[in-house]
$ cat upload-v1.cif   # mmCIF, C-alpha atoms
data_protein
#
loop_
_atom_site.label_atom_id
_atom_site.label_comp_id
_atom_site.auth_asym_id
_atom_site.auth_seq_id
_atom_site.Cartn_x
_atom_site.Cartn_y
_atom_site.Cartn_z
CA MET A 1 -69.55 -49.57 -131.09
CA ARG A 2 -71.39 -49.31 -134.37
CA THR A 3 -74.21 -51.81 -134.77
CA PHE A 4 -76.28 -52.67 -137.81
CA LYS A 5 -80.06 -52.84 -137.59
CA LYS A 6 -82.61 -54.07 -140.08
CA SER A 7 -84.12 -51.52 -142.43
CA SER A 8 -87.02 -49.52 -141.02
CA LYS A 9 -88.89 -50.58 -144.17
CA LEU A 10 -89.24 -53.99 -142.49
CA ASP A 11 -90.90 -52.63 -139.34
CA HIS A 12 -94.42 -53.48 -140.47
CA VAL A 13 -93.60 -56.52 -142.59
CA CYS A 14 -94.33 -59.98 -141.22
CA TYR A 15 -94.35 -63.51 -142.59
CA ASP A 16 -95.53 -65.65 -139.71
CA VAL A 17 -95.92 -68.81 -141.80
CA ARG A 18 -92.18 -68.95 -141.12
CA GLY A 19 -91.98 -66.94 -137.92
CA PRO A 20 -91.31 -67.16 -134.15
CA VAL A 21 -93.39 -70.31 -133.67
CA LEU A 22 -91.42 -72.09 -136.41
CA ASP A 23 -88.22 -70.91 -134.73
CA GLU A 24 -89.36 -72.65 -131.54
CA ALA A 25 -90.24 -75.81 -133.50
CA ASN A 26 -86.76 -75.81 -135.02
CA ARG A 27 -85.20 -75.45 -131.56
CA MET A 28 -87.25 -78.40 -130.37
CA GLN A 29 -86.15 -80.49 -133.34
CA ALA A 30 -82.52 -79.54 -132.68
CA ASP A 31 -83.01 -81.02 -129.18
CA GLY A 32 -84.21 -84.28 -130.71
CA ILE A 33 -87.95 -83.71 -130.31
CA ASP A 34 -90.11 -84.96 -133.19
CA VAL A 35 -92.47 -82.21 -134.46
CA LEU A 36 -95.27 -82.72 -137.00
CA LYS A 37 -95.11 -79.61 -139.17
CA LEU A 38 -98.51 -78.65 -140.55
CA ASN A 39 -97.50 -75.04 -141.24
CA ILE A 40 -96.10 -75.08 -144.79
CA GLY A 41 -97.72 -76.23 -148.04
CA ASN A 42 -94.67 -78.23 -149.09
CA PRO A 43 -95.73 -81.53 -150.71
CA ALA A 44 -92.37 -83.33 -150.89
CA PRO A 45 -91.86 -84.11 -147.16
CA PHE A 46 -95.26 -85.84 -147.09
CA GLY A 47 -94.50 -88.34 -149.84
CA PHE A 48 -95.75 -86.44 -152.90
CA SER A 49 -93.45 -86.65 -155.91
CA ALA A 50 -93.30 -84.89 -159.25
CA PRO A 51 -94.52 -86.80 -162.32
CA GLU A 52 -91.67 -88.98 -163.57
CA GLU A 53 -91.62 -87.34 -166.99
CA VAL A 54 -91.00 -83.95 -165.35
CA ILE A 55 -87.97 -85.27 -163.47
CA THR A 56 -86.68 -87.03 -166.58
CA ASP A 57 -87.12 -83.85 -168.62
CA MET A 58 -85.15 -81.75 -166.15
CA ILE A 59 -82.31 -84.28 -166.04
CA SER A 60 -82.12 -84.45 -169.84
CA THR A 61 -81.94 -80.65 -170.22
CA LEU A 62 -79.48 -79.83 -167.41
CA ARG A 63 -76.44 -79.62 -169.67
CA SER A 64 -78.15 -77.17 -172.01
CA ALA A 65 -79.51 -75.06 -169.12
CA GLN A 66 -76.25 -73.88 -167.58
CA GLY A 67 -76.37 -70.34 -168.93
CA TYR A 68 -78.71 -67.38 -168.52
CA SER A 69 -81.89 -67.28 -170.55
CA ASP A 70 -83.81 -64.29 -171.87
CA SER A 71 -84.98 -62.36 -168.82
CA HIS A 72 -88.60 -63.19 -169.67
CA GLY A 73 -87.82 -66.91 -169.98
CA ILE A 74 -87.06 -69.50 -172.64
CA PHE A 75 -89.25 -69.67 -175.72
CA ALA A 76 -90.63 -73.17 -175.10
CA ALA A 77 -91.76 -72.35 -171.57
CA ARG A 78 -93.46 -69.11 -172.53
CA LYS A 79 -95.12 -70.73 -175.54
CA ALA A 80 -96.57 -73.44 -173.29
CA ILE A 81 -97.73 -70.82 -170.78
CA MET A 82 -99.37 -68.81 -173.56
CA GLN A 83 -101.22 -71.90 -174.75
CA TYR A 84 -102.31 -72.62 -171.18
CA ALA A 85 -103.60 -69.04 -170.89
CA GLN A 86 -105.62 -69.61 -174.05
CA THR A 87 -107.29 -72.67 -172.50
CA LYS A 88 -108.27 -70.39 -169.58
CA ASN A 89 -109.72 -67.82 -172.04
CA ILE A 90 -107.34 -65.10 -170.90
CA PRO A 91 -107.52 -62.36 -173.57
CA ASN A 92 -104.83 -60.47 -175.45
CA VAL A 93 -101.89 -62.61 -174.34
CA SER A 94 -98.60 -62.38 -176.21
CA MET A 95 -95.21 -64.00 -175.71
CA GLU A 96 -93.53 -60.73 -174.82
CA HIS A 97 -95.88 -60.23 -171.88
CA ILE A 98 -95.26 -63.59 -170.23
CA TYR A 99 -92.54 -63.67 -167.59
CA THR A 100 -91.14 -66.72 -165.82
CA GLY A 101 -90.13 -66.38 -162.18
CA ASN A 102 -88.49 -68.18 -159.30
CA GLY A 103 -91.89 -69.20 -158.03
CA VAL A 104 -94.87 -66.87 -157.72
CA SER A 105 -93.24 -65.43 -154.58
CA GLU A 106 -90.52 -63.66 -156.56
CA LEU A 107 -93.09 -62.27 -158.98
CA ILE A 108 -95.31 -60.89 -156.20
CA ASN A 109 -92.33 -58.86 -155.08
CA LEU A 110 -91.57 -57.78 -158.64
CA VAL A 111 -95.09 -56.62 -159.54
CA THR A 112 -95.53 -54.65 -156.32
CA GLN A 113 -92.10 -53.00 -156.45
CA GLY A 114 -92.77 -51.98 -160.05
CA LEU A 115 -96.16 -50.38 -159.36
CA ILE A 116 -96.31 -48.86 -155.91
CA ASP A 117 -95.29 -45.37 -154.84
CA ASN A 118 -95.24 -44.34 -151.19
CA GLY A 119 -98.79 -44.02 -149.92
CA ASP A 120 -100.48 -46.01 -152.70
CA GLU A 121 -103.18 -48.40 -151.56
CA ILE A 122 -103.74 -51.97 -152.76
CA LEU A 123 -106.84 -53.98 -151.82
CA VAL A 124 -105.73 -57.32 -150.39
CA PRO A 125 -107.97 -60.10 -149.06
CA SER A 126 -108.25 -60.97 -145.39
CA PRO A 127 -107.26 -63.68 -144.79
CA ASP A 128 -104.48 -63.56 -147.37
CA TYR A 129 -101.28 -65.29 -148.33
CA PRO A 130 -99.14 -62.91 -146.23
CA LEU A 131 -96.49 -62.28 -148.85
CA TRP A 132 -98.96 -60.01 -150.66
CA THR A 133 -99.35 -57.75 -147.63
CA GLY A 134 -95.63 -57.91 -146.91
CA CYS A 135 -94.57 -56.95 -150.43
CA VAL A 136 -97.10 -54.12 -150.69
CA THR A 137 -95.79 -52.74 -147.40
CA LEU A 138 -92.14 -53.16 -148.33
CA ALA A 139 -92.76 -51.26 -151.58
CA GLY A 140 -94.02 -48.30 -149.54
CA GLY A 141 -97.72 -48.91 -150.06
CA LYS A 142 -100.60 -49.69 -147.76
CA ALA A 143 -102.35 -53.04 -147.91
CA VAL A 144 -106.02 -52.34 -147.29
CA HIS A 145 -107.69 -55.60 -146.29
CA TYR A 146 -111.15 -56.46 -147.53
CA ILE A 147 -113.04 -59.20 -145.75
CA CYS A 148 -113.63 -62.67 -147.12
CA ASP A 149 -116.85 -63.86 -145.50
CA GLU A 150 -116.71 -67.17 -143.64
CA GLN A 151 -120.50 -67.34 -143.62
CA SER A 152 -120.52 -67.21 -147.43
CA GLU A 153 -117.99 -69.94 -148.28
CA TRP A 154 -115.14 -67.45 -147.65
CA TYR A 155 -116.07 -65.44 -150.77
CA PRO A 156 -114.97 -61.78 -150.89
CA ASP A 157 -117.42 -59.33 -149.35
CA ILE A 158 -118.01 -57.05 -152.34
CA GLU A 159 -119.57 -54.24 -150.33
CA ASP A 160 -116.65 -54.26 -147.89
CA MET A 161 -114.30 -54.13 -150.87
CA ARG A 162 -116.27 -51.23 -152.33
CA SER A 163 -116.21 -49.30 -149.05
CA LYS A 164 -112.40 -49.43 -148.91
CA ILE A 165 -111.65 -47.98 -152.32
CA THR A 166 -110.19 -44.46 -152.19
CA ASP A 167 -108.50 -42.16 -154.67
CA LYS A 168 -105.21 -43.77 -153.58
CA THR A 169 -106.30 -47.30 -154.56
CA LYS A 170 -104.40 -48.71 -157.54
CA ALA A 171 -105.23 -52.40 -157.67
CA ILE A 172 -107.23 -55.31 -156.30
CA VAL A 173 -105.52 -58.55 -155.33
CA ILE A 174 -107.47 -61.79 -155.41
CA ILE A 175 -106.18 -65.23 -154.41
CA ASN A 176 -108.33 -67.78 -156.23
CA PRO A 177 -108.30 -70.62 -155.25
CA ASN A 178 -107.60 -69.15 -151.87
CA ASN A 179 -104.84 -69.81 -149.42
CA PRO A 180 -105.54 -70.24 -146.49
CA THR A 181 -109.27 -71.03 -146.82
CA GLY A 182 -109.40 -73.34 -149.85
CA ALA A 183 -112.27 -71.30 -151.35
CA VAL A 184 -112.88 -71.21 -155.10
CA TYR A 185 -114.70 -68.09 -156.30
CA PRO A 186 -117.65 -68.61 -158.65
CA LYS A 187 -117.95 -66.65 -161.87
CA GLU A 188 -120.71 -64.42 -160.42
CA VAL A 189 -118.44 -63.20 -157.61
CA LEU A 190 -115.55 -62.60 -160.02
CA GLU A 191 -117.86 -60.58 -162.30
CA GLN A 192 -118.75 -58.32 -159.38
CA ILE A 193 -115.05 -57.74 -158.65
CA VAL A 194 -114.43 -56.95 -162.32
CA GLU A 195 -117.29 -54.45 -162.32
CA LEU A 196 -115.83 -52.76 -159.24
CA ALA A 197 -112.39 -52.56 -160.85
CA ARG A 198 -113.95 -51.23 -164.04
CA GLU A 199 -115.92 -48.56 -162.18
CA HIS A 200 -112.84 -47.29 -160.33
CA GLU A 201 -110.26 -47.92 -163.08
CA LEU A 202 -108.21 -50.37 -161.04
CA MET A 203 -105.91 -53.11 -162.21
CA ILE A 204 -106.25 -56.70 -160.99
CA PHE A 205 -103.62 -59.08 -159.63
CA SER A 206 -104.89 -62.66 -159.59
CA ASP A 207 -102.86 -65.29 -157.74
CA GLU A 208 -104.02 -68.62 -159.22
CA ILE A 209 -101.27 -71.00 -158.12
CA TYR A 210 -103.86 -73.60 -157.00
CA ASP A 211 -106.07 -73.51 -160.10
CA ARG A 212 -105.20 -77.13 -160.97
CA LEU A 213 -105.99 -78.40 -157.45
CA VAL A 214 -109.76 -77.92 -157.48
CA MET A 215 -112.12 -80.63 -156.20
CA ASP A 216 -115.82 -81.52 -156.35
CA GLU A 217 -115.99 -81.04 -160.13
CA ILE A 218 -115.87 -77.27 -159.65
CA GLU A 219 -114.56 -75.34 -162.66
CA HIS A 220 -112.00 -72.65 -161.97
CA THR A 221 -112.45 -69.33 -163.79
CA SER A 222 -109.54 -66.94 -164.36
CA ILE A 223 -110.78 -63.45 -163.58
CA ALA A 224 -108.74 -62.07 -166.51
CA SER A 225 -111.04 -63.97 -168.87
CA LEU A 226 -113.89 -61.74 -167.68
CA ALA A 227 -111.99 -58.47 -167.99
CA PRO A 228 -110.63 -57.88 -171.51
CA ASP A 229 -110.99 -54.13 -171.00
CA LEU A 230 -108.94 -54.05 -167.78
CA PHE A 231 -105.22 -54.53 -167.20
CA CYS A 232 -104.71 -57.82 -165.37
CA ILE A 233 -101.72 -59.79 -164.17
CA THR A 234 -102.34 -63.49 -163.55
CA LEU A 235 -99.75 -65.38 -161.51
CA ASN A 236 -99.34 -69.14 -161.56
CA GLY A 237 -96.76 -71.91 -161.42
CA LEU A 238 -95.91 -75.57 -160.97
CA SER A 239 -94.91 -75.72 -157.28
CA LYS A 240 -98.20 -77.17 -156.07
CA SER A 241 -99.81 -78.81 -159.10
CA HIS A 242 -96.66 -80.77 -159.93
CA MET A 243 -95.35 -81.17 -156.37
CA ILE A 244 -92.07 -79.35 -157.14
CA ALA A 245 -92.07 -76.47 -154.68
CA GLY A 246 -88.29 -76.66 -154.42
CA PHE A 247 -87.76 -76.15 -158.15
CA ARG A 248 -89.11 -72.56 -157.88
CA CYS A 249 -91.02 -72.47 -161.15
CA GLY A 250 -93.65 -69.77 -161.64
CA TRP A 251 -94.88 -67.23 -164.17
CA MET A 252 -97.06 -64.20 -164.71
CA ILE A 253 -99.25 -63.26 -167.64
CA LEU A 254 -100.08 -59.67 -168.57
CA SER A 255 -103.44 -59.42 -170.32
CA GLY A 256 -106.32 -57.19 -171.27
CA ALA A 257 -105.86 -53.44 -171.68
CA LYS A 258 -102.07 -53.37 -171.74
CA GLU A 259 -102.08 -49.97 -173.45
CA LYS A 260 -103.13 -48.54 -170.07
CA ALA A 261 -99.94 -49.82 -168.47
CA LYS A 262 -97.14 -49.11 -170.95
CA ASP A 263 -94.98 -47.28 -168.43
CA TYR A 264 -95.58 -49.91 -165.74
CA ILE A 265 -94.66 -52.66 -168.19
CA GLU A 266 -91.38 -50.83 -168.90
CA GLY A 267 -90.76 -50.96 -165.15
CA LEU A 268 -91.52 -54.68 -165.03
CA ASN A 269 -89.09 -55.24 -167.89
CA MET A 270 -86.41 -53.31 -166.03
CA LEU A 271 -86.93 -55.32 -162.83
CA SER A 272 -87.01 -58.56 -164.79
CA ASN A 273 -83.72 -57.65 -166.49
CA MET A 274 -82.12 -56.71 -163.16
CA ARG A 275 -82.56 -60.23 -161.78
CA LEU A 276 -81.17 -61.55 -165.12
CA CYS A 277 -83.53 -64.53 -165.44
CA SER A 278 -85.36 -67.18 -163.47
CA ASN A 279 -84.10 -70.70 -162.80
CA VAL A 280 -83.40 -72.09 -166.29
CA PRO A 281 -83.57 -75.85 -165.50
CA ALA A 282 -87.02 -75.27 -164.00
CA GLN A 283 -88.12 -73.36 -167.11
CA CYS A 284 -87.14 -76.37 -169.21
CA ILE A 285 -89.85 -78.54 -167.66
CA VAL A 286 -92.78 -76.14 -168.18
CA GLN A 287 -93.72 -77.44 -171.61
CA THR A 288 -93.71 -81.06 -170.44
CA ALA A 289 -95.54 -80.23 -167.22
CA LEU A 290 -98.38 -78.30 -168.86
CA GLY A 291 -98.79 -80.69 -171.76
CA GLY A 292 -100.57 -84.02 -171.66
CA HIS A 293 -102.19 -85.74 -168.69
CA GLN A 294 -102.25 -83.74 -165.46
CA SER A 295 -101.51 -86.47 -162.94
CA VAL A 296 -102.49 -84.23 -160.03
CA LYS A 297 -106.11 -84.86 -161.01
CA ASN A 298 -105.77 -88.38 -159.64
CA TYR A 299 -105.31 -86.93 -156.17
CA LEU A 300 -108.42 -84.74 -156.36
CA VAL A 301 -111.23 -87.25 -156.92
CA PRO A 302 -112.85 -89.72 -154.50
CA GLY A 303 -110.20 -92.27 -153.60
CA GLY A 304 -107.43 -89.78 -154.39
CA ARG A 305 -105.09 -88.83 -151.60
CA ILE A 306 -105.74 -85.09 -151.35
CA TYR A 307 -109.51 -85.59 -151.69
CA GLU A 308 -109.63 -88.23 -148.95
CA GLN A 309 -107.37 -86.19 -146.65
CA ARG A 310 -109.63 -83.18 -147.20
CA GLU A 311 -112.68 -85.28 -146.27
CA PHE A 312 -110.96 -86.57 -143.15
CA ILE A 313 -109.65 -83.24 -141.86
CA TYR A 314 -112.96 -81.47 -142.47
CA ASN A 315 -114.92 -84.03 -140.48
CA ALA A 316 -112.28 -84.40 -137.76
CA ILE A 317 -112.06 -80.66 -137.12
CA ASN A 318 -115.83 -80.21 -136.97
CA ASP A 319 -116.05 -83.10 -134.50
CA ILE A 320 -113.82 -81.29 -131.98
CA PRO A 321 -115.89 -79.27 -129.47
CA GLY A 322 -115.17 -75.57 -129.90
CA LEU A 323 -113.90 -75.83 -133.49
CA SER A 324 -115.71 -75.39 -136.80
CA ALA A 325 -114.56 -75.12 -140.40
CA VAL A 326 -115.89 -74.39 -143.87
CA LYS A 327 -115.11 -77.23 -146.27
CA PRO A 328 -112.24 -76.27 -148.59
CA LYS A 329 -112.84 -76.76 -152.30
CA ALA A 330 -109.23 -76.55 -153.50
CA ALA A 331 -105.55 -76.62 -152.50
CA PHE A 332 -104.60 -78.44 -149.27
CA TYR A 333 -105.44 -76.06 -146.45
CA ILE A 334 -108.30 -75.69 -143.99
CA PHE A 335 -108.85 -72.59 -141.84
CA PRO A 336 -110.77 -73.60 -138.69
CA LYS A 337 -112.49 -71.21 -136.32
CA MET A 338 -112.08 -71.45 -132.55
CA ASP A 339 -114.61 -70.59 -129.87
CA THR A 340 -112.47 -67.96 -128.20
CA LYS A 341 -114.78 -67.64 -125.20
CA LYS A 342 -114.72 -71.37 -124.53
CA PHE A 343 -110.91 -71.45 -124.59
CA ASN A 344 -110.30 -67.87 -123.35
CA ILE A 345 -108.15 -67.23 -126.42
CA LEU A 346 -106.94 -63.64 -126.69
CA ASP A 347 -103.70 -64.41 -128.52
CA ASP A 348 -103.80 -66.95 -131.35
CA GLU A 349 -100.01 -67.04 -131.68
CA LYS A 350 -99.78 -68.08 -128.03
CA PHE A 351 -102.37 -70.79 -128.73
CA VAL A 352 -100.29 -72.38 -131.50
CA LEU A 353 -97.14 -72.02 -129.37
CA ASP A 354 -98.81 -73.71 -126.41
CA LEU A 355 -100.02 -76.53 -128.68
CA LEU A 356 -96.54 -76.94 -130.15
CA LYS A 357 -94.86 -77.20 -126.76
CA GLU A 358 -97.39 -79.65 -125.32
CA LYS A 359 -98.34 -81.81 -128.32
CA LYS A 360 -95.45 -81.30 -130.78
CA VAL A 361 -97.82 -80.23 -133.59
CA LEU A 362 -96.99 -77.06 -135.53
CA LEU A 363 -99.81 -74.93 -136.99
CA THR A 364 -99.98 -71.31 -138.22
CA HIS A 365 -102.15 -68.82 -136.35
CA GLY A 366 -104.84 -66.91 -138.21
CA ARG A 367 -103.40 -63.46 -137.68
CA GLY A 368 -100.35 -64.67 -139.62
CA PHE A 369 -102.70 -64.41 -142.63
CA ASN A 370 -103.77 -60.87 -141.74
CA TRP A 371 -107.03 -62.04 -140.19
CA ALA A 372 -107.99 -59.43 -137.60
CA GLU A 373 -109.35 -61.67 -134.83
CA PRO A 374 -107.43 -64.27 -132.76
CA ASP A 375 -109.95 -66.99 -133.58
CA HIS A 376 -108.53 -69.00 -136.52
CA PHE A 377 -105.60 -71.17 -137.47
CA ARG A 378 -104.49 -72.95 -140.63
CA ILE A 379 -103.80 -76.65 -141.01
CA VAL A 380 -101.91 -78.05 -143.99
CA TYR A 381 -103.56 -81.41 -144.68
CA LEU A 382 -100.81 -82.88 -146.84
CA PRO A 383 -99.85 -85.66 -144.35
CA ASN A 384 -101.45 -89.06 -144.84
CA ILE A 385 -104.64 -89.88 -142.94
CA GLU A 386 -102.83 -91.77 -140.17
CA GLN A 387 -100.70 -88.69 -139.46
CA LEU A 388 -103.77 -86.46 -139.64
CA LYS A 389 -105.59 -88.75 -137.18
CA ASP A 390 -102.66 -88.43 -134.81
CA ALA A 391 -102.54 -84.64 -135.23
CA THR A 392 -106.29 -84.02 -134.81
CA GLY A 393 -106.35 -86.39 -131.85
CA LYS A 394 -103.64 -84.34 -130.19
CA ILE A 395 -105.45 -81.08 -130.99
CA ALA A 396 -108.70 -82.46 -129.51
CA ASP A 397 -106.92 -83.68 -126.39
CA PHE A 398 -105.13 -80.36 -125.99
CA LEU A 399 -108.31 -78.30 -126.37
CA SER A 400 -110.29 -80.51 -123.99
CA GLY A 401 -108.50 -78.87 -121.08
CA TYR A 402 -107.22 -75.64 -122.60
CA HIS A 403 -107.96 -72.27 -121.04
CA GLN A 404 -105.46 -69.70 -122.24
CA GLN A 405 -103.36 -68.04 -119.58
CA ILE A 406 -102.13 -64.61 -120.58
#
$ encode --input "upload-v1.cif" --output "structure tokens"
Amino acid sequence: MRTFKKSSKLDHVCYDVRGPVLDEANRMQADGIDVLKLNIGNPAPFGFSAPEEVITDMISTLRSAQGYSDSHGIFAARKAIMQYAQTKNIPNVSMEHIYTGNGVSELINLVTQGLIDNGDEILVPSPDYPLWTGCVTLAGGKAVHYICDEQSEWYPDIEDMRSKITDKTKAIVIINPNNPTGAVYPKEVLEQIVELAREHELMIFSDEIYDRLVMDEIEHTSIASLAPDLFCITLNGLSKSHMIAGFRCGWMILSGAKEKAKDYIEGLNMLSNMRLCSNVPAQCIVQTALGGHQSVKNYLVPGGRIYEQREFIYNAINDIPGLSAVKPKAAFYIFPKMDTKKFNILDDEKFVLDLLKEKKVLLTHGRGFNWAEPDHFRIVYLPNIEQLKDATGKIADFLSGYHQQI
């Protein structure tokens, strides 16, 4: 009997944010067991709503958004994105080189498929948002992971990055602010990355989806603003800053030395045309969303929900014997470290599975973010403080007697 197997191109692709542990959580829920899911950065289930004017705007434009748009996106959306890029000091931006997408996720796939030939190497952070590694691999390339240093606020280790550049390296990926660590890279670190890219004639992909969720009065810098002589692609969107992850509304901006990438840009245009266009109703809210007061700021200051939840989770994690964490400066994730000797942890996926089965709390293990050691996990701290108290209490109770059995 003929059977059909998955493509061999998927053999080394993983996305454990939604993987085997989530499958087990879903089985438990199907059996009527209540599971607190702290694995996905999805604001809506935790009581976050889009600004009312964004919802109103989408409703009012639905009738006029039933057809395809230009493959790059509607004029009003791209104009608003271009103006936003100007506020970030991104150089040499034009309307024709702004593309809307069904979230940043679709665009990560598009930019890697358009660039990579078999055997090409792309520098990707470790830990990373795993879609970057997955898409590089699926395109036939090799994701070469450079270390982000936990001892230095999770900033990229520039010397490690330098040591991994070869004649096959085409680009550097940065995720700033970072998922899963919540780090925000200072201008001095970004300048060092730019200098490295300049020296080796590399292009830069900058994933900046959390740039409007920065706390502690830190100013976010777009790396493209520091690299007018390099070809850069900056990716961003509304999923997190406007709490509309389900609307799938993202974009990318091509900037800098675009003359170095004419052929690649032709490829991006072809891929963009092939998917016809991104979600048109979502494009219709971009202008409203980016203009005027950014209500997300209310969440990010003392007394604001995300800020106070960040304060709680940071202190609660560091109070649990055997755990420690660097304080996140942006987004809504924290990436704690475990004392693997204390808990005999050799397999971090087994740890999160054991926790799920015993305490009904779902986390994501660190190796799901292409972190090499089994000593980290990610918590999404979107739930309210009472839920976070319950979750961290269960984690503390679980770890108080945990000794991993392999």
$ resolve_selection --input "upload-v1.cif" --expression "the PyMOL selection byres ((chain A and resi 207) around 6)" --output "JSON, numbers by chain"
{"A": [175, 206, 208, 209, 235]}
$ resolve_selection --input "upload-v1.cif" --expression "the PyMOL selection byres ((chain A and resi 297-307) around 10)" --output "PyMOL selection string"
chain A and resi 48+212-217+241+293-296+308-312+329-332+381-385
$ closest_atom_pairs --input "upload-v1.cif" --of "region 35-79 of chain A" --to "region 248-264 of chain A" --cutoff "10 Å" --atoms "only C-alpha atoms" --output "CSV"
residue,atom,partner,partner_atom,distance
A:His72,CA,A:Trp251,CA,9.3
A:Gly73,CA,A:Trp251,CA,9.1
A:Ala77,CA,A:Trp251,CA,9.5
A:Arg78,CA,A:Trp251,CA,8.7
$ write_last_selection --input "upload-v1.cif" --atoms "C-alpha atoms" --output "PDB file, in the frame of the given file"
ATOM      1  CA  HIS A  72     -88.600 -63.190-169.670  1.00  0.00           C
ATOM      2  CA  GLY A  73     -87.820 -66.910-169.980  1.00  0.00           C
ATOM      3  CA  ALA A  77     -91.760 -72.350-171.570  1.00  0.00           C
ATOM      4  CA  ARG A  78     -93.460 -69.110-172.530  1.00  0.00           C
TER       5      ARG A  78
END
$ closest_residue --input "upload-v1.cif" --among "A:Val326, A:Leu110, A:Cys284, A:Ile223" --to "Glu150 (chain A)" --atoms "all atoms listed in the file"
A:Val326
$ residues_around --input "upload-v1.cif" --residues "Cys148 (chain A)" --least-positions-apart "5" --cutoff "9 Å" --atoms "all atoms listed in the file" --output "PyMOL selection string"
chain A and resi 125-127+153-158+160
$ resolve_selection --input "upload-v1.cif" --expression "the PyMOL selection byres ((chain A and resi 388-399) around 10)" --output "MDAnalysis selection string"
chainID A and resid 36:38 309 312:313 316:317 319:323 338 342:343 351 354:356 358:362 379:387 400:404
$ residues_near_point --input "upload-v1.cif" --point "(-114.5, -53.5, -157.7)" --cutoff "10 Å" --atoms "all atoms listed in the file" --output "list in words"
Leu123, Ile158, Glu159, Met161, Arg162, Ser163, Lys164, Ile165, Ala171, Ile172, Leu190, Glu191, Gln192, Ile193, Val194, Glu195, Leu196, Ala197, Arg198, Glu199, His200, Glu201, Leu202, Met203 and Ile204 of chain A
$ atom_distance --input "upload-v1.cif" --atom1 "CA of Ala76 (chain A)" --atom2 "CA of Cys232 (chain A)"
23.0 Å
